[in-house]
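The next block is start-v3.txt, given as compact mmCIF, C-alpha atoms.
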# COMPACT_ATOMS: atom_id res chain seq x y z
CA MET B 1 -14.69 16.94 22.07
CA THR B 2 -16.45 13.59 21.82
CA SER B 3 -15.11 10.09 21.34
CA LEU B 4 -16.30 10.23 17.73
CA ASP B 5 -14.18 13.34 17.13
CA ILE B 6 -11.12 11.64 18.61
CA LEU B 7 -11.70 8.49 16.57
CA ARG B 8 -12.20 10.53 13.43
CA ALA B 9 -8.95 12.44 14.04
CA ILE B 10 -7.01 9.20 14.59
CA HIS B 11 -8.62 7.72 11.47
CA TYR B 12 -7.55 10.74 9.40
CA LEU B 13 -4.02 10.52 10.76
CA SER B 14 -3.85 6.84 9.84
CA LEU B 15 -5.16 7.68 6.36
CA PHE B 16 -2.39 10.24 5.99
CA LEU B 17 0.18 7.65 7.10
CA MET B 18 -1.14 5.15 4.57
CA MET B 19 -1.08 7.69 1.74
CA ALA B 20 2.40 8.90 2.70
CA GLY B 21 3.66 5.32 2.71
CA LEU B 22 2.05 4.63 -0.66
CA GLY B 23 3.58 7.78 -2.09
CA ALA B 24 6.99 6.87 -0.70
CA VAL B 25 6.78 3.43 -2.29
CA ILE B 26 5.54 4.65 -5.68
CA VAL B 27 8.09 7.46 -6.01
CA ALA B 28 11.01 5.25 -4.96
CA LEU B 29 9.90 2.39 -7.23
CA TRP B 30 9.54 4.69 -10.19
CA ARG B 31 12.95 6.18 -9.48
CA GLY B 32 14.45 2.69 -9.25
CA TRP B 33 12.91 1.51 -12.49
CA THR B 34 13.95 4.56 -14.48
CA GLU B 35 17.47 4.81 -13.04
CA THR B 36 20.28 3.74 -15.37
CA GLU B 37 22.99 3.60 -12.69
CA ALA B 38 22.78 0.35 -10.72
CA GLU B 39 23.85 1.76 -7.34
CA ARG B 40 21.25 4.50 -7.45
CA ALA B 41 18.55 2.00 -8.47
CA ILE B 42 19.52 -0.20 -5.53
CA ILE B 43 19.13 2.73 -3.15
CA ALA B 44 15.74 3.55 -4.67
CA PHE B 45 14.47 -0.01 -4.16
CA GLU B 46 15.69 0.05 -0.56
CA ASP B 47 13.81 3.33 -0.09
CA ALA B 48 10.66 1.71 -1.51
CA SER B 49 10.98 -1.17 0.93
CA THR B 50 11.43 1.26 3.81
CA GLY B 51 8.35 3.23 2.71
CA HIS B 52 6.36 0.00 2.64
CA LYS B 53 7.48 -1.11 6.09
CA ALA B 54 7.34 2.29 7.78
CA GLY B 55 4.28 3.89 6.20
CA LEU B 56 2.09 1.80 3.93
CA LEU B 57 1.75 -1.36 6.01
CA PRO B 58 1.17 0.24 9.44
CA GLY B 59 -1.01 2.94 7.89
CA THR B 60 -3.19 0.37 6.15
CA ILE B 61 -3.62 -1.62 9.35
CA ALA B 62 -4.40 1.54 11.34
CA VAL B 63 -6.99 2.66 8.76
CA GLY B 64 -8.85 -0.63 9.14
CA ALA B 65 -8.72 -0.63 12.93
CA THR B 66 -9.91 2.94 13.30
CA GLY B 67 -12.51 2.45 10.57
CA VAL B 68 -14.02 -0.49 12.43
CA PHE B 69 -14.26 1.58 15.61
CA LEU B 70 -15.78 4.51 13.72
CA ALA B 71 -18.41 2.34 12.04
CA GLY B 72 -19.19 0.62 15.32
CA ASP B 73 -19.49 3.93 17.15
CA ALA B 74 -21.80 5.23 14.43
CA GLY B 75 -24.03 2.16 14.84
CA TYR B 76 -23.63 0.63 11.37
CA ASN B 77 -24.18 -3.08 10.85
CA PHE B 78 -21.05 -4.55 9.23
CA ILE B 79 -22.98 -7.18 7.26
CA THR B 80 -26.30 -5.64 6.24
CA THR B 81 -25.05 -2.16 5.30
CA GLY B 82 -24.25 -2.63 1.62
CA TRP B 83 -21.79 0.19 1.07
CA LEU B 84 -19.93 -0.71 4.27
CA LEU B 85 -19.69 -4.36 3.24
CA ALA B 86 -18.31 -3.32 -0.18
CA LEU B 87 -15.80 -1.06 1.58
CA GLU B 88 -14.77 -3.89 3.90
CA ILE B 89 -14.23 -6.29 1.00
CA LEU B 90 -12.19 -3.75 -0.95
CA TYR B 91 -10.14 -2.89 2.14
CA LEU B 92 -9.48 -6.57 2.89
CA PHE B 93 -8.37 -7.09 -0.72
CA ILE B 94 -5.84 -4.29 -0.32
CA LEU B 95 -4.74 -5.42 3.16
CA PHE B 96 -4.42 -9.16 2.49
CA ILE B 97 -3.56 -9.28 -1.23
CA CYS B 98 -2.00 -6.06 -2.53
CA VAL B 99 0.09 -4.91 0.45
CA PRO B 100 1.64 -8.34 1.23
CA MET B 101 2.37 -9.07 -2.44
CA LEU B 102 4.00 -5.66 -2.73
CA GLY B 103 6.10 -6.36 0.36
CA TYR B 104 7.07 -9.78 -1.00
CA SER B 105 8.13 -8.25 -4.32
CA LEU B 106 10.18 -5.58 -2.58
CA ASN B 107 11.82 -8.18 -0.33
CA ARG B 108 12.76 -10.29 -3.36
CA ILE B 109 14.36 -7.24 -4.95
CA ASN B 110 16.26 -6.45 -1.73
CA ILE B 111 17.57 -10.02 -1.48
CA GLU B 112 18.81 -9.92 -5.06
CA VAL B 113 20.35 -6.50 -4.44
CA LEU B 114 22.33 -7.94 -1.52
CA LYS B 115 23.43 -10.89 -3.66
CA SER B 116 24.51 -8.48 -6.38
CA LYS B 117 26.47 -6.37 -3.90
CA LYS B 118 28.24 -9.46 -2.60
CA LYS B 119 28.99 -10.71 -6.10
CA GLY B 120 30.13 -7.29 -7.30
CA GLU B 121 27.91 -7.24 -10.37
CA GLN B 122 24.22 -7.27 -11.16
CA THR B 123 22.81 -10.81 -11.14
CA ASP B 124 20.49 -12.16 -13.81
CA ALA B 125 17.73 -12.57 -11.22
CA LEU B 126 18.00 -8.90 -10.27
CA LYS B 127 17.81 -7.88 -13.92
CA GLU B 128 14.70 -10.03 -14.28
CA LEU B 129 13.10 -8.49 -11.18
CA VAL B 130 13.90 -4.97 -12.33
CA ASN B 131 12.24 -5.73 -15.66
CA ASP B 132 9.21 -7.12 -13.83
CA ASN B 133 6.60 -4.46 -13.06
CA VAL B 134 4.48 -6.31 -10.46
CA PRO B 135 5.17 -3.82 -7.62
CA ILE B 136 4.15 -0.88 -9.78
CA VAL B 137 0.97 -2.67 -10.87
CA LEU B 138 0.10 -3.39 -7.23
CA CYS B 139 0.68 0.26 -6.30
CA ILE B 140 -1.53 1.37 -9.17
CA LEU B 141 -4.26 -1.05 -8.02
CA ILE B 142 -4.16 0.51 -4.56
CA VAL B 143 -4.16 4.04 -6.00
CA PHE B 144 -7.22 3.32 -8.15
CA ALA B 145 -9.06 1.61 -5.28
CA ILE B 146 -8.69 4.62 -2.97
CA PRO B 147 -11.13 6.96 -4.77
CA PHE B 148 -13.74 4.20 -4.77
CA MET B 149 -13.08 3.61 -1.06
CA VAL B 150 -13.64 7.31 -0.41
CA TRP B 151 -16.75 7.42 -2.61
CA LEU B 152 -18.50 4.58 -0.77
CA PRO B 153 -18.84 6.18 2.70
CA VAL B 154 -19.40 9.67 1.32
CA PHE B 155 -22.30 8.86 -1.03
CA LYS B 156 -23.52 5.56 0.55
CA PRO B 157 -24.91 4.26 -2.76
CA PHE B 158 -26.43 1.04 -1.41

This structure in structure tokens:
Amino acid sequence: MTSLDILRAIHYLSLFLMMAGLGAVIVALWRGWTETEAERAIIAFEDASTGHKAGLLPGTIAVGATGVFLAGDAGYNFITTGWLLALEILYLFILFICVPMLGYSLNRINIEVLKSKKKGEQTDALKELVNDNVPIVLCILIVFAIPFMVWLPVFKPF
């Protein structure tokens, strides 16, 4: 077993963690948005926030770290290799734009949920956030970016 095999195994494990976290967020968000009972929706949004913090965020960071080591071990130039540069840019967009905005949206929902629990009824801000679909759009952006991110290193188009 070589260092490349070990790196590849760790990279695959981090990819699985990222995908599991994304799935946990999407399923919980969808459940929260379609739920008619407020208490169950609140639990679903808390589950989505947990999936983001426990799976999606650390998985995304681990994918990037292990990917850098894999590309470095394989001898690729990070600037002049076109497909790798495109992959880096797409990954950085997901890491620095999509994942933090998703976390921010989920945190806003959790804060309003706590305010609603304290008040004893659903606040207007929580109703507005529930009607807002930004977290789902961000999840869909990540989902549609993943096949392209897989396609780039497999086919190396440029």

**Q.** d(atom CA of B:Ile142, atom CA of B:Ala54) in Å
**A.** 17.0 Å

Which stretch 2-102 of chain B residues have any atom within 10 Å of an atom of stretch 113-127 of chain B, and for each, what is the nearest pair of atoms with distance in Å to one decimal, counting all atoms listed in the file, rows sorted by chain and number, as a tab-separated table?
residue	atom	partner	partner_atom	distance
B:Ala38	CA	B:Gln122	CA	7.8
B:Glu39	CA	B:Lys117	CA	9.2
B:Ala41	CA	B:Val113	CA	9.6
B:Ile42	CA	B:Val113	CA	6.4
B:Ile43	CA	B:Val113	CA	9.4
B:Phe45	CA	B:Val113	CA	8.8
B:Glu46	CA	B:Val113	CA	8.9

Keeping only C-alpha atoms, write those residues as an mmCIF file, in the coordinates of the input.
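out-v9.cif, freshly written:
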data_model
loop_
_atom_site.group_PDB
_atom_site.id
_atom_site.type_symbol
_atom_site.label_atom_id
_atom_site.label_comp_id
_atom_site.auth_asym_id
_atom_site.auth_seq_id
_atom_site.Cartn_x
_atom_site.Cartn_y
_atom_site.Cartn_z
ATOM 1 C CA ALA B 38 22.780 0.350 -10.720
ATOM 2 C CA GLU B 39 23.850 1.760 -7.340
ATOM 3 C CA ALA B 41 18.550 2.000 -8.470
ATOM 4 C CA ILE B 42 19.520 -0.200 -5.530
ATOM 5 C CA ILE B 43 19.130 2.730 -3.150
ATOM 6 C CA PHE B 45 14.470 -0.010 -4.160
ATOM 7 C CA GLU B 46 15.690 0.050 -0.560
#

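Take atom CA of B:Leu87 and atom CA of B:Pro153: the distance between them is 7.9 Å.
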
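For stretch 28-33 of chain B, the residues within 6 Å (counting only C-alpha atoms, excluding itself and residues fewer than 2 positions away along the chain) are Val25, Ile26, Glu35, Ala41, Ala44, Phe45, Asp47 and Ala48 of chain B.
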
Q: Within 12 Å of B:Tyr104, counting all atoms listed in the file, which residues show up once you throw out same-chain ones fewer than 6 positions away? Write them as an MDAnalysis selection string, please.
A: chainID B and resid 49 52:53 97:98 110:111 129 134:135 138

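Counting from atom CA of B:Ala86, the distance to atom CA of B:Val143 is 17.0 Å.
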
**Q.** B:Gly72 environment, 12 Å, only C-alpha atoms, sequence neighbours closer than 6 positions dropped, as a list of chain:residue names
**A.** B:Ser3, B:Leu4, B:Leu7, B:Ala65, B:Thr66, B:Phe78, B:Ile79, B:Thr81, B:Leu84

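The environment of B:Leu56 within 7 Å, counting only C-alpha atoms and disregarding residues fewer than 5 places along the same chain, consists of Leu17, Met18, Gly21, Leu22 and Gly51 of chain B.
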
Q: Kindly provide, as a VMD selection string, the polymer residues lying within 12 Å of (-27.7, 6.1, -0.6), counting all atoms listed in the file and using the coordinates exactly as they appear in the file.
A: chain B and resid 81 to 84 151 to 158
